[in-house]
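Asker: Dropping in input07.txt, which is compact mmCIF, C-alpha atoms:
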```txt
# COMPACT_ATOMS: atom_id res chain seq x y z
CA MET A 1 -14.21 17.62 -30.02
CA ARG A 2 -12.02 19.14 -27.31
CA ASN A 3 -13.73 20.90 -24.46
CA VAL A 4 -13.03 22.38 -21.05
CA PHE A 5 -13.31 18.98 -19.41
CA HIS A 6 -10.62 17.43 -21.59
CA ASP A 7 -8.30 20.42 -21.31
CA GLN A 8 -8.49 20.27 -17.53
CA LEU A 9 -8.02 16.52 -17.60
CA ASP A 10 -4.87 16.99 -19.70
CA GLY A 11 -3.60 19.38 -17.03
CA ILE A 12 -4.16 16.73 -14.37
CA PHE A 13 -2.27 14.15 -16.42
CA GLU A 14 0.65 16.58 -16.88
CA ASP A 15 0.76 16.98 -13.11
CA LEU A 16 0.68 13.20 -12.68
CA ALA A 17 3.60 12.79 -15.09
CA SER A 18 5.52 15.47 -13.22
CA ILE A 19 4.89 13.77 -9.85
CA CYS A 20 6.04 10.48 -11.37
CA GLY A 21 9.22 12.32 -12.41
CA GLN A 22 9.73 13.41 -8.80
CA VAL A 23 9.23 9.80 -7.66
CA GLU A 24 11.82 8.68 -10.20
CA VAL A 25 14.37 11.06 -8.65
CA ALA A 26 13.40 9.87 -5.15
CA VAL A 27 13.93 6.21 -6.05
CA ALA A 28 17.27 6.95 -7.75
CA GLN A 29 18.56 9.10 -4.90
CA ALA A 30 17.38 6.68 -2.20
CA THR A 31 19.28 3.91 -3.95
CA GLU A 32 22.38 6.08 -4.31
CA ALA A 33 22.13 6.98 -0.60
CA LEU A 34 21.79 3.29 0.22
CA LEU A 35 24.61 1.91 -1.91
CA GLY A 36 26.93 4.86 -1.23
CA ALA A 37 26.07 5.25 2.50
CA ASP A 38 25.42 8.92 1.70
CA ALA A 39 23.72 10.59 4.69
CA THR A 40 23.10 13.93 2.95
CA LEU A 41 21.34 12.28 0.06
CA ALA A 42 19.24 10.10 2.40
CA GLU A 43 18.10 13.24 4.25
CA GLU A 44 17.29 14.91 0.94
CA VAL A 45 14.99 12.07 -0.13
CA ILE A 46 13.26 12.14 3.27
CA SER A 47 12.75 15.91 3.30
CA LYS A 48 11.70 16.19 -0.35
CA ASP A 49 8.84 13.75 0.15
CA SER A 50 6.63 16.58 1.41
CA SER A 51 6.76 18.19 -2.03
CA ILE A 52 5.35 14.97 -3.55
CA ASP A 53 2.60 15.09 -0.91
CA GLN A 54 1.82 18.70 -1.82
CA ALA A 55 1.70 17.87 -5.51
CA ARG A 56 -0.73 15.06 -4.69
CA GLU A 57 -3.00 17.51 -2.90
CA LYS A 58 -2.95 19.80 -5.93
CA VAL A 59 -4.02 16.94 -8.21
CA GLU A 60 -6.75 15.93 -5.78
CA ASP A 61 -8.06 19.49 -5.65
CA SER A 62 -8.07 19.71 -9.45
CA ALA A 63 -9.84 16.37 -9.74
CA PHE A 64 -12.50 17.39 -7.22
CA ALA A 65 -13.00 20.71 -8.99
CA LEU A 66 -13.41 18.86 -12.27
CA LEU A 67 -15.92 16.43 -10.75
CA SER A 68 -17.88 19.24 -9.09
CA LEU A 69 -17.97 21.70 -11.96
CA GLN A 70 -18.24 19.36 -14.92
CA ALA A 71 -20.13 16.48 -13.27
CA PRO A 72 -18.77 13.97 -15.78
CA VAL A 73 -20.60 10.66 -16.18
CA ALA A 74 -19.77 7.18 -17.40
CA GLY A 75 -16.31 6.96 -18.98
CA ASP A 76 -15.25 10.51 -18.14
CA LEU A 77 -16.16 10.00 -14.51
CA ARG A 78 -14.10 6.83 -14.31
CA VAL A 79 -11.12 8.61 -15.88
CA VAL A 80 -11.13 11.28 -13.18
CA VAL A 81 -11.39 8.65 -10.45
CA ALA A 82 -8.54 6.75 -12.14
CA ALA A 83 -6.44 9.93 -11.87
CA LEU A 84 -7.20 10.11 -8.14
CA ARG A 85 -6.03 6.53 -7.78
CA MET A 86 -2.89 7.13 -9.80
CA VAL A 87 -1.89 9.97 -7.53
CA SER A 88 -2.38 7.72 -4.47
CA ASP A 89 -0.10 5.13 -6.04
CA LEU A 90 2.52 7.76 -6.84
CA GLU A 91 2.44 9.18 -3.31
CA ARG A 92 2.90 5.67 -1.92
CA MET A 93 5.91 5.13 -4.22
CA GLY A 94 7.42 8.28 -2.73
CA ASP A 95 6.83 6.91 0.78
CA LEU A 96 8.54 3.65 -0.17
CA SER A 97 11.58 5.59 -1.43
CA VAL A 98 11.67 7.26 1.99
CA HIS A 99 11.66 3.80 3.61
CA VAL A 100 14.72 2.86 1.52
CA ALA A 101 16.44 6.11 2.50
CA LYS A 102 15.64 5.45 6.17
CA ILE A 103 17.26 2.01 6.08
CA ALA A 104 20.33 3.69 4.55
CA ARG A 105 20.30 6.32 7.32
CA LEU A 106 19.78 3.77 10.12
CA ARG A 107 22.99 1.92 9.27
CA MET A 108 25.21 4.98 8.75
CA PRO A 109 28.15 5.35 8.74
CA ARG A 110 28.18 1.68 7.75
CA ASN A 111 26.79 0.57 4.43
CA ALA A 112 23.46 -1.24 4.94
CA VAL A 113 24.13 -3.55 2.01
CA PRO A 114 26.91 -6.16 2.30
CA GLU A 115 29.23 -6.33 -0.71
CA ALA A 116 28.00 -9.78 -1.72
CA VAL A 117 24.37 -8.73 -2.17
CA ARG A 118 25.04 -5.35 -3.77
CA PRO A 119 24.46 -6.75 -7.27
CA THR A 120 21.00 -8.05 -6.28
CA ILE A 121 19.96 -4.80 -4.62
CA ALA A 122 21.48 -2.71 -7.39
CA ARG A 123 19.58 -4.74 -10.00
CA MET A 124 16.27 -4.48 -8.10
CA ALA A 125 16.78 -0.74 -7.77
CA GLU A 126 17.64 -0.44 -11.44
CA VAL A 127 14.51 -2.32 -12.49
CA ALA A 128 12.34 -0.24 -10.15
CA GLU A 129 13.85 3.04 -11.31
CA ASP A 130 13.50 2.10 -14.96
CA MET A 131 9.87 1.12 -14.38
CA VAL A 132 9.12 4.46 -12.72
CA ARG A 133 10.85 6.35 -15.55
CA ARG A 134 8.81 4.49 -18.15
CA THR A 135 5.63 4.98 -16.14
CA ALA A 136 6.12 8.76 -16.31
CA GLU A 137 6.52 8.37 -20.06
CA ILE A 138 3.40 6.19 -20.28
CA ILE A 139 1.38 8.85 -18.43
CA ARG A 140 2.70 11.47 -20.88
CA THR A 141 2.18 9.52 -24.08
CA ARG A 142 -0.73 7.22 -23.01
CA ASP A 143 1.16 4.43 -24.74
CA VAL A 144 -0.83 1.25 -24.10
CA ASP A 145 1.82 -1.05 -25.60
CA ALA A 146 4.49 0.39 -23.31
CA ALA A 147 2.19 -0.28 -20.37
CA ASP A 148 1.87 -3.92 -21.44
CA MET A 149 5.67 -4.19 -21.61
CA LEU A 150 5.95 -2.81 -18.09
CA ARG A 151 4.28 -5.92 -16.73
CA ALA A 152 7.12 -8.05 -18.10
CA ASP A 153 9.56 -6.00 -16.02
CA ASP A 154 7.44 -6.62 -12.98
CA ASP A 155 7.95 -10.34 -13.56
CA GLU A 156 11.71 -9.75 -13.47
CA MET A 157 11.29 -7.92 -10.16
CA ASP A 158 9.39 -10.88 -8.70
CA LYS A 159 12.17 -13.22 -9.86
CA LEU A 160 14.84 -10.97 -8.34
CA ARG A 161 12.98 -10.92 -5.07
CA ARG A 162 12.63 -14.70 -5.00
CA GLY A 163 16.34 -14.96 -5.85
CA SER A 164 17.24 -12.68 -2.95
CA PHE A 165 15.32 -14.96 -0.57
CA THR A 166 17.18 -18.00 -1.88
CA GLU A 167 20.39 -16.08 -1.28
CA LEU A 168 19.68 -14.91 2.25
CA LEU A 169 18.11 -18.17 3.41
CA SER A 170 20.91 -20.37 2.02
CA LYS A 171 23.40 -22.08 4.31
CA ASP A 172 26.17 -19.99 2.73
CA TRP A 173 24.69 -16.71 4.02
CA ALA A 174 27.57 -15.17 6.00
CA HIS A 175 26.37 -11.60 6.54
CA GLY A 176 24.36 -12.05 9.69
CA VAL A 177 20.79 -11.37 10.66
CA GLU A 178 20.80 -7.59 10.27
CA ALA A 179 21.88 -7.63 6.63
CA ALA A 180 19.37 -10.41 5.89
CA VAL A 181 16.52 -8.42 7.42
CA ASP A 182 17.60 -5.26 5.57
CA LEU A 183 17.75 -7.17 2.31
CA ALA A 184 14.31 -8.71 2.88
CA LEU A 185 12.73 -5.34 3.64
CA LEU A 186 14.54 -3.51 0.83
CA GLY A 187 13.36 -6.22 -1.54
CA ARG A 188 9.83 -5.69 -0.30
CA TYR A 189 10.06 -1.90 -0.82
CA TYR A 190 11.43 -2.12 -4.36
CA GLU A 191 8.87 -4.79 -5.20
CA ARG A 192 6.06 -2.53 -3.96
CA ILE A 193 7.42 0.40 -5.99
CA ALA A 194 7.28 -1.86 -9.05
CA ASP A 195 3.75 -3.03 -8.17
CA HIS A 196 2.52 0.55 -7.89
CA SER A 197 4.19 1.41 -11.23
CA VAL A 198 2.26 -1.37 -12.91
CA SER A 199 -0.89 -0.20 -11.18
CA VAL A 200 -0.40 3.36 -12.52
CA ALA A 201 0.35 2.06 -16.02
CA ASN A 202 -2.75 -0.17 -15.90
CA ARG A 203 -4.87 2.85 -15.06
CA VAL A 204 -3.46 4.64 -18.10
CA VAL A 205 -4.55 1.64 -20.19
CA PHE A 206 -7.99 1.95 -18.63
CA VAL A 207 -8.10 5.67 -19.39
CA VAL A 208 -7.22 5.04 -23.04
CA THR A 209 -9.16 1.86 -23.75
CA GLY A 210 -11.91 1.87 -21.12
CA GLU A 211 -10.79 -1.60 -20.03
CA SER A 212 -8.51 -2.62 -17.18
CA PRO A 213 -5.80 -5.11 -18.14
CA LEU A 214 -6.02 -8.33 -16.11
CA MET B 215 -33.76 15.75 5.04
CA ARG B 216 -33.02 12.22 3.84
CA ASN B 217 -32.97 11.63 0.14
CA VAL B 218 -32.02 9.02 -2.43
CA PHE B 219 -28.39 10.07 -2.32
CA HIS B 220 -28.07 9.55 1.42
CA ASP B 221 -29.96 6.25 1.37
CA GLN B 222 -27.63 4.91 -1.29
CA LEU B 223 -24.63 6.24 0.59
CA ASP B 224 -25.81 4.40 3.72
CA GLY B 225 -25.96 1.22 1.65
CA ILE B 226 -22.36 1.74 0.57
CA PHE B 227 -21.26 2.24 4.17
CA GLU B 228 -23.06 -0.95 5.22
CA ASP B 229 -21.13 -2.79 2.51
CA LEU B 230 -17.88 -1.22 3.73
CA ALA B 231 -18.57 -2.35 7.30
CA SER B 232 -19.34 -5.84 6.05
CA ILE B 233 -16.08 -5.97 4.04
CA CYS B 234 -14.21 -4.79 7.12
CA GLY B 235 -15.83 -7.71 8.98
CA GLN B 236 -14.50 -10.10 6.32
CA VAL B 237 -11.03 -8.56 6.73
CA GLU B 238 -11.28 -9.06 10.50
CA VAL B 239 -11.90 -12.78 9.94
CA ALA B 240 -9.02 -12.94 7.44
CA VAL B 241 -6.56 -11.35 9.89
CA ALA B 242 -7.69 -13.61 12.74
CA GLN B 243 -7.53 -16.78 10.65
CA ALA B 244 -4.18 -15.87 9.08
CA THR B 245 -2.75 -15.42 12.56
CA GLU B 246 -4.26 -18.70 13.75
CA ALA B 247 -2.80 -20.44 10.68
CA LEU B 248 0.57 -18.85 11.42
CA LEU B 249 0.78 -19.61 15.13
CA GLY B 250 -0.82 -23.03 14.82
CA ALA B 251 0.93 -24.06 11.57
CA ASP B 252 -2.53 -24.87 10.23
CA ALA B 253 -2.34 -25.51 6.47
CA THR B 254 -6.10 -25.79 5.95
CA LEU B 255 -6.75 -22.45 7.57
CA ALA B 256 -3.92 -20.79 5.61
CA GLU B 257 -5.48 -22.05 2.36
CA GLU B 258 -8.87 -20.80 3.47
CA VAL B 259 -7.56 -17.26 4.02
CA ILE B 260 -5.86 -17.32 0.62
CA SER B 261 -8.90 -18.61 -1.27
CA LYS B 262 -11.43 -16.39 0.52
CA ASP B 263 -9.59 -13.23 -0.52
CA SER B 264 -11.40 -13.27 -3.85
CA SER B 265 -14.70 -12.67 -2.07
CA ILE B 266 -13.24 -9.48 -0.55
CA ASP B 267 -12.15 -8.45 -4.05
CA GLN B 268 -15.67 -9.08 -5.36
CA ALA B 269 -17.21 -7.08 -2.53
CA ARG B 270 -14.81 -4.23 -3.40
CA GLU B 271 -16.04 -4.28 -7.00
CA LYS B 272 -19.62 -4.08 -5.82
CA VAL B 273 -18.86 -1.00 -3.69
CA GLU B 274 -17.00 0.60 -6.58
CA ASP B 275 -19.92 0.00 -8.92
CA SER B 276 -22.36 1.48 -6.38
CA ALA B 277 -20.11 4.52 -5.85
CA PHE B 278 -19.81 5.12 -9.60
CA ALA B 279 -23.56 4.75 -10.03
CA LEU B 280 -24.08 7.28 -7.26
CA LEU B 281 -21.60 9.71 -8.80
CA SER B 282 -23.12 9.33 -12.26
CA LEU B 283 -26.78 9.48 -11.35
CA GLN B 284 -26.72 11.98 -8.50
CA ALA B 285 -23.71 14.10 -9.58
CA PRO B 286 -23.00 15.15 -6.00
CA VAL B 287 -20.87 18.26 -5.45
CA ALA B 288 -18.72 19.66 -2.66
CA GLY B 289 -18.99 17.66 0.57
CA ASP B 290 -21.18 14.88 -0.83
CA LEU B 291 -18.76 14.33 -3.68
CA ARG B 292 -15.84 14.02 -1.28
CA VAL B 293 -17.76 11.52 0.84
CA VAL B 294 -18.29 9.22 -2.15
CA VAL B 295 -14.62 9.48 -3.10
CA ALA B 296 -13.72 8.75 0.54
CA ALA B 297 -15.79 5.57 0.29
CA LEU B 298 -13.83 4.56 -2.81
CA ARG B 299 -10.61 5.06 -0.89
CA MET B 300 -11.84 3.15 2.12
CA VAL B 301 -12.62 0.15 -0.02
CA SER B 302 -9.10 0.27 -1.50
CA ASP B 303 -7.65 0.27 2.01
CA LEU B 304 -9.86 -2.66 3.02
CA GLU B 305 -8.91 -4.68 -0.03
CA ARG B 306 -5.24 -4.07 0.73
CA MET B 307 -5.75 -5.26 4.31
CA GLY B 308 -7.17 -8.48 2.88
CA ASP B 309 -4.06 -8.84 0.67
CA LEU B 310 -1.80 -8.35 3.69
CA SER B 311 -3.67 -11.12 5.56
CA VAL B 312 -2.95 -13.34 2.55
CA HIS B 313 0.75 -12.45 2.86
CA VAL B 314 0.68 -13.59 6.50
CA ALA B 315 -1.08 -16.83 5.49
CA LYS B 316 1.50 -17.41 2.76
CA ILE B 317 4.42 -17.12 5.20
CA ALA B 318 2.61 -19.67 7.38
CA ARG B 319 2.17 -21.97 4.37
CA LEU B 320 5.76 -21.57 3.20
CA ARG B 321 7.18 -22.93 6.44
CA MET B 322 4.75 -25.85 6.88
CA PRO B 323 4.86 -28.36 8.46
CA ARG B 324 7.18 -26.34 10.68
CA ASN B 325 5.90 -23.37 12.61
CA ALA B 326 7.18 -20.12 11.03
CA VAL B 327 7.38 -18.40 14.39
CA PRO B 328 10.00 -19.56 16.91
CA GLU B 329 8.67 -20.10 20.44
CA ALA B 330 10.64 -17.15 21.83
CA VAL B 331 9.03 -14.54 19.55
CA ARG B 332 5.49 -15.92 19.67
CA PRO B 333 4.46 -13.40 22.33
CA THR B 334 5.59 -10.48 20.12
CA ILE B 335 3.84 -11.78 17.01
CA ALA B 336 0.77 -12.79 18.98
CA ARG B 337 0.56 -9.31 20.49
CA MET B 338 1.02 -7.58 17.12
CA ALA B 339 -1.68 -9.79 15.63
CA GLU B 340 -3.98 -9.10 18.57
CA VAL B 341 -3.54 -5.32 18.21
CA ALA B 342 -4.10 -5.50 14.43
CA GLU B 343 -7.18 -7.69 14.80
CA ASP B 344 -8.65 -5.48 17.49
CA MET B 345 -8.04 -2.40 15.34
CA VAL B 346 -9.81 -4.00 12.37
CA ARG B 347 -12.74 -5.04 14.58
CA ARG B 348 -13.09 -1.52 15.92
CA THR B 349 -12.73 -0.04 12.45
CA ALA B 350 -15.75 -2.05 11.30
CA GLU B 351 -17.62 -0.65 14.30
CA ILE B 352 -16.45 2.90 13.48
CA ILE B 353 -17.74 2.56 9.92
CA ARG B 354 -21.09 1.34 11.32
CA THR B 355 -21.50 3.97 14.02
CA ARG B 356 -19.46 6.84 12.49
CA ASP B 357 -18.00 7.31 15.97
CA VAL B 358 -15.37 10.05 15.66
CA ASP B 359 -14.06 9.60 19.22
CA ALA B 360 -13.48 5.90 18.63
CA ALA B 361 -11.52 6.81 15.51
CA ASP B 362 -9.32 9.11 17.57
CA MET B 363 -8.67 6.31 20.05
CA LEU B 364 -7.64 4.00 17.22
CA ARG B 365 -4.60 6.15 16.54
CA ALA B 366 -3.34 5.43 20.07
CA ASP B 367 -3.38 1.72 19.24
CA ASP B 368 -1.39 2.41 16.13
CA ASP B 369 1.30 3.90 18.36
CA GLU B 370 1.40 0.63 20.29
CA MET B 371 1.84 -1.22 17.00
CA ASP B 372 4.79 0.99 16.08
CA LYS B 373 6.34 0.31 19.49
CA LEU B 374 5.85 -3.44 19.10
CA ARG B 375 7.49 -3.32 15.71
CA ARG B 376 10.49 -1.39 17.02
CA GLY B 377 10.68 -3.88 19.91
CA SER B 378 10.72 -6.79 17.48
CA PHE B 379 13.67 -5.24 15.65
CA THR B 380 15.58 -4.81 18.90
CA GLU B 381 14.85 -8.47 19.59
CA LEU B 382 15.91 -9.88 16.26
CA LEU B 383 18.97 -7.67 15.88
CA SER B 384 20.28 -8.34 19.40
CA LYS B 385 23.34 -10.51 19.99
CA ASP B 386 21.12 -12.96 21.85
CA TRP B 387 19.08 -13.79 18.76
CA ALA B 388 19.43 -17.57 18.46
CA HIS B 389 16.77 -18.46 15.90
CA GLY B 390 18.70 -17.95 12.72
CA VAL B 391 18.22 -15.83 9.64
CA GLU B 392 15.01 -17.36 8.36
CA ALA B 393 13.03 -16.70 11.53
CA ALA B 394 14.44 -13.16 11.70
CA VAL B 395 13.37 -12.42 8.13
CA ASP B 396 9.93 -13.94 8.75
CA LEU B 397 9.53 -11.86 11.88
CA ALA B 398 10.61 -8.66 10.10
CA LEU B 399 8.16 -9.23 7.24
CA LEU B 400 5.30 -10.33 9.50
CA GLY B 401 5.87 -7.19 11.56
CA ARG B 402 5.69 -5.15 8.39
CA TYR B 403 2.42 -6.81 7.32
CA TYR B 404 0.69 -6.35 10.68
CA GLU B 405 1.94 -2.76 10.84
CA ARG B 406 0.50 -2.05 7.40
CA ILE B 407 -2.85 -3.61 8.39
CA ALA B 408 -2.88 -1.22 11.36
CA ASP B 409 -1.92 1.74 9.12
CA HIS B 410 -4.77 1.00 6.72
CA SER B 411 -7.19 0.66 9.67
CA VAL B 412 -6.23 4.13 10.83
CA SER B 413 -6.59 5.41 7.29
CA VAL B 414 -10.13 3.98 7.03
CA ALA B 415 -11.08 5.41 10.44
CA ASN B 416 -9.65 8.82 9.44
CA ARG B 417 -11.85 8.81 6.35
CA VAL B 418 -14.88 8.13 8.55
CA VAL B 419 -13.89 11.20 10.60
CA PHE B 420 -13.69 13.15 7.34
CA VAL B 421 -17.11 11.90 6.26
CA VAL B 422 -18.65 12.99 9.57
CA THR B 423 -16.80 16.26 10.22
CA GLY B 424 -15.64 17.35 6.77
CA GLU B 425 -12.09 17.55 8.12
CA SER B 426 -9.28 15.02 7.90
CA PRO B 427 -7.47 14.37 11.19
CA LEU B 428 -3.76 15.12 10.95
```
Represent the structure of the file as structure tokens.
Answerer:
Amino acid sequence: MRNVFHDQLDGIFEDLASICGQVEVAVAQATEALLGADATLAEEVISKDSSIDQAREKVEDSAFALLSLQAPVAGDLRVVVAALRMVSDLERMGDLSVHVAKIARLRMPRNAVPEAVRPTIARMAEVAEDMVRRTAEIIRTRDVDAADMLRADDDEMDKLRRGSFTELLSKDWAHGVEAAVDLALLGRYYERIADHSVSVANRVVFVVTGESPL
Amino acid sequence: MRNVFHDQLDGIFEDLASICGQVEVAVAQATEALLGADATLAEEVISKDSSIDQAREKVEDSAFALLSLQAPVAGDLRVVVAALRMVSDLERMGDLSVHVAKIARLRMPRNAVPEAVRPTIARMAEVAEDMVRRTAEIIRTRDVDAADMLRADDDEMDKLRRGSFTELLSKDWAHGVEAAVDLALLGRYYERIADHSVSVANRVVFVVTGESPL
């Protein structure tokens, strides 16, 4: 039977899905700023991060209100704490998008990404963005199977990242130290965005099934 | 007046301080493995991380038990949730030590850190380790002033990291791409360890004063 607790919890999950949507835009715009050396867009990603932070605070306040007023136990309690963790993950994904935008800004008016490694970065960004988009959907639909599929994408991200290291540490690397360092750090940021996506999706699985996927 | 809630909460904080002590050892040993190209020590850091993960689970279980059985509200509720967040930070600091140990392992039998940048890495590691040591102490003593001082150290870490970028992106950099990438990532890992230390200390301030430092 539905009750106040579950209605309020639904509200929190709607907010989480909406924050995930904001993160999706941040990742997409940070990548566009990076690959297009677009200063305006980089600034936009950096300045819009505060609205993700504010949305996080709103979710935290709602979760605390729910814990205080309803004093849920057992499974319900763990679901609310899972929501608090999801919002931390989402905020961190926003921060990582800002890191990408800041690398873009640091190299302006030059493009931070040398032509030869654009495909690798573009593919990493595409995988990350797609994972964030699907994570928002998973929060909305609580689709456990979709969450399982997300982990397969994370494996692709790990492969891409390993591939980028092979590329930048090979003898044929001709783009200098700065581009190599940028590529290594960008790879790290996109990888972390993907990790946090999987973490959020895993918490949805926990919310639905009561078990955390391994 | 003391009660069951506060006794159990004290137990959780003792566990947090003990986990922070384990993290301190992990950071110190990872650095020693890195600077000394010590394979055995690197493996030890990597394998011991599971005991930090287990200690995290224990704290989470205790926190959930406390929330379920005592149903704290308002300030007490936020303190328990703060403890859950602190243990997430601490676990992450353990993971970052593993990342340092893995870079050390990857370059064996060579030393991952070229002679010329050893002072920078050694200093970063020293600052990180000292911050973790003091964070354990802050959890134990709930010393708000010490937490404020920790933020000053974090500023030094940021300066060191910027300095390392100036170093590796200068025209005089003669150690090749691999060492530059290692240095950039190691800098990132130590910086994140410091960030999480500050985050843990800030939560202690919140627990004591009811206010989060900005």
Asker: Residues of chain A that have any atom at most 10 Å from an atom of chain B: could you tabulate them with the shortest-distance atom pair and the distance in Å to one decimal, using all atoms listed in the file, ordered by chain and increasing number, as a Markdown table?
Answerer:
```
| residue | atom | partner | partner_atom | distance |
| --- | --- | --- | --- | --- |
| A:Phe64 | CA | B:Arg292 | CA | 7.6 |
| A:Ala65 | CA | B:Ala288 | CA | 8.6 |
| A:Leu67 | CA | B:Val287 | CA | 7.5 |
| A:Ser68 | CA | B:Val287 | CA | 4.8 |
| A:Leu69 | CA | B:Val287 | CA | 7.9 |
| A:Gln70 | CA | B:Ala285 | CA | 9.3 |
| A:Ala71 | CA | B:Ala285 | CA | 5.7 |
| A:Pro72 | CA | B:Ser282 | CA | 7.3 |
| A:Val73 | CA | B:Ser282 | CA | 4.8 |
| A:Ala74 | CA | B:Ser282 | CA | 6.5 |
| A:Gly75 | CA | B:Ser282 | CA | 9.9 |
| A:Asp76 | CA | B:Ser282 | CA | 9.9 |
| A:Leu77 | CA | B:Ser282 | CA | 7.3 |
| A:Arg78 | CA | B:Phe278 | CA | 7.6 |
| A:Val81 | CA | B:Val295 | CA | 8.1 |
| A:Leu84 | CA | B:Val295 | CA | 9.0 |
| A:Arg85 | CA | B:Arg299 | CA | 8.4 |
| A:Ser88 | CA | B:Arg299 | CA | 9.4 |
| A:Phe165 | CA | B:Glu392 | CA | 9.3 |
| A:Leu168 | CA | B:Val391 | CA | 7.6 |
| A:Leu169 | CA | B:Glu392 | CA | 5.9 |
| A:Ser170 | CA | B:Glu392 | CA | 9.2 |
| A:Lys171 | CA | B:Val391 | CA | 9.7 |
| A:Trp173 | CA | B:Val391 | CA | 8.6 |
| A:His175 | CA | B:Val391 | CA | 9.7 |
| A:Gly176 | CA | B:Val391 | CA | 7.2 |
| A:Val177 | CA | B:Val391 | CA | 5.2 |
| A:Glu178 | CA | B:Leu383 | CA | 5.9 |
| A:Ala179 | CA | B:Val391 | CA | 9.5 |
| A:Ala180 | CA | B:Val391 | CA | 6.7 |
| A:Val181 | CA | B:Val395 | CA | 5.1 |
| A:Asp182 | CA | B:Val395 | CA | 8.7 |
| A:Leu183 | CA | B:Val395 | CA | 9.0 |
| A:Ala184 | CA | B:Val395 | CA | 6.5 |
| A:Leu185 | CA | B:Leu399 | CA | 7.0 |
| A:Arg188 | CA | B:Leu399 | CA | 8.5 |
```
Asker: What separation in Å, quoted to one decimal, exists between atom CA of B:Cys234 and atom CA of B:Val422?
Answerer: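 Going from atom CA of B:Cys234 over to atom CA of B:Val422 covers 18.5 Å.
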Asker: Ranking A:Ala63, A:Ala201, A:Ile46, A:Tyr189 by minimum distance to A:Leu9 and counting all atoms listed in the file, which one comes first?
Answerer: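 So, comparing all the options, the nearest one is A:Ala63.
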Asker: Got a sec: who's within 7 Å of A:Glu91, counting all atoms listed in the file, leaving out chain neighbours fewer than 2 positions off, as a PyMOL selection string?
Answerer: chain A and resi 52-53+56+87-89+93-95
Asker: How about saving the chosen residues, C-alpha atoms kept, as a PDB file, in the coordinates of the input?
Answerer:
```
ATOM      1  CA  ILE A  52       5.350  14.970  -3.550  1.00  0.00           C
ATOM      2  CA  ASP A  53       2.600  15.090  -0.910  1.00  0.00           C
ATOM      3  CA  ARG A  56      -0.730  15.060  -4.690  1.00  0.00           C
ATOM      4  CA  VAL A  87      -1.890   9.970  -7.530  1.00  0.00           C
ATOM      5  CA  SER A  88      -2.380   7.720  -4.470  1.00  0.00           C
ATOM      6  CA  ASP A  89      -0.100   5.130  -6.040  1.00  0.00           C
ATOM      7  CA  MET A  93       5.910   5.130  -4.220  1.00  0.00           C
ATOM      8  CA  GLY A  94       7.420   8.280  -2.730  1.00  0.00           C
ATOM      9  CA  ASP A  95       6.830   6.910   0.780  1.00  0.00           C
TER      10      ASP A  95
END
```
Asker: Could you tell me how far atom CA of A:Met149 sits from atom CA of A:Gln29, in Å to one decimal place?
Answerer: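 Atom CA of A:Met149 lies 24.9 Å from atom CA of A:Gln29.
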Asker: Suppose you want the space between atom CA of A:Thr120 and atom CA of A:Thr31; what is it in Å?
Answerer: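 According to the coordinates, atom CA of A:Thr120 and atom CA of A:Thr31 are separated by 12.3 Å.
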Asker: Please list as number ranges by chain every residue within 8 Å of A:Glu14, counting all atoms listed in the file and excluding residues in the same chain fewer than 3 positions away.
Answerer: A: 10-11, 17-18, 139-140
Asker: Taking all atoms listed in the file into account, name the residue in B:Val418, B:Leu310, B:Met322, B:Ala366 that is nearest to B:Arg406.
Answerer: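 Looking only at the distances to B:Arg406, the closest residue turns out to be B:Leu310.
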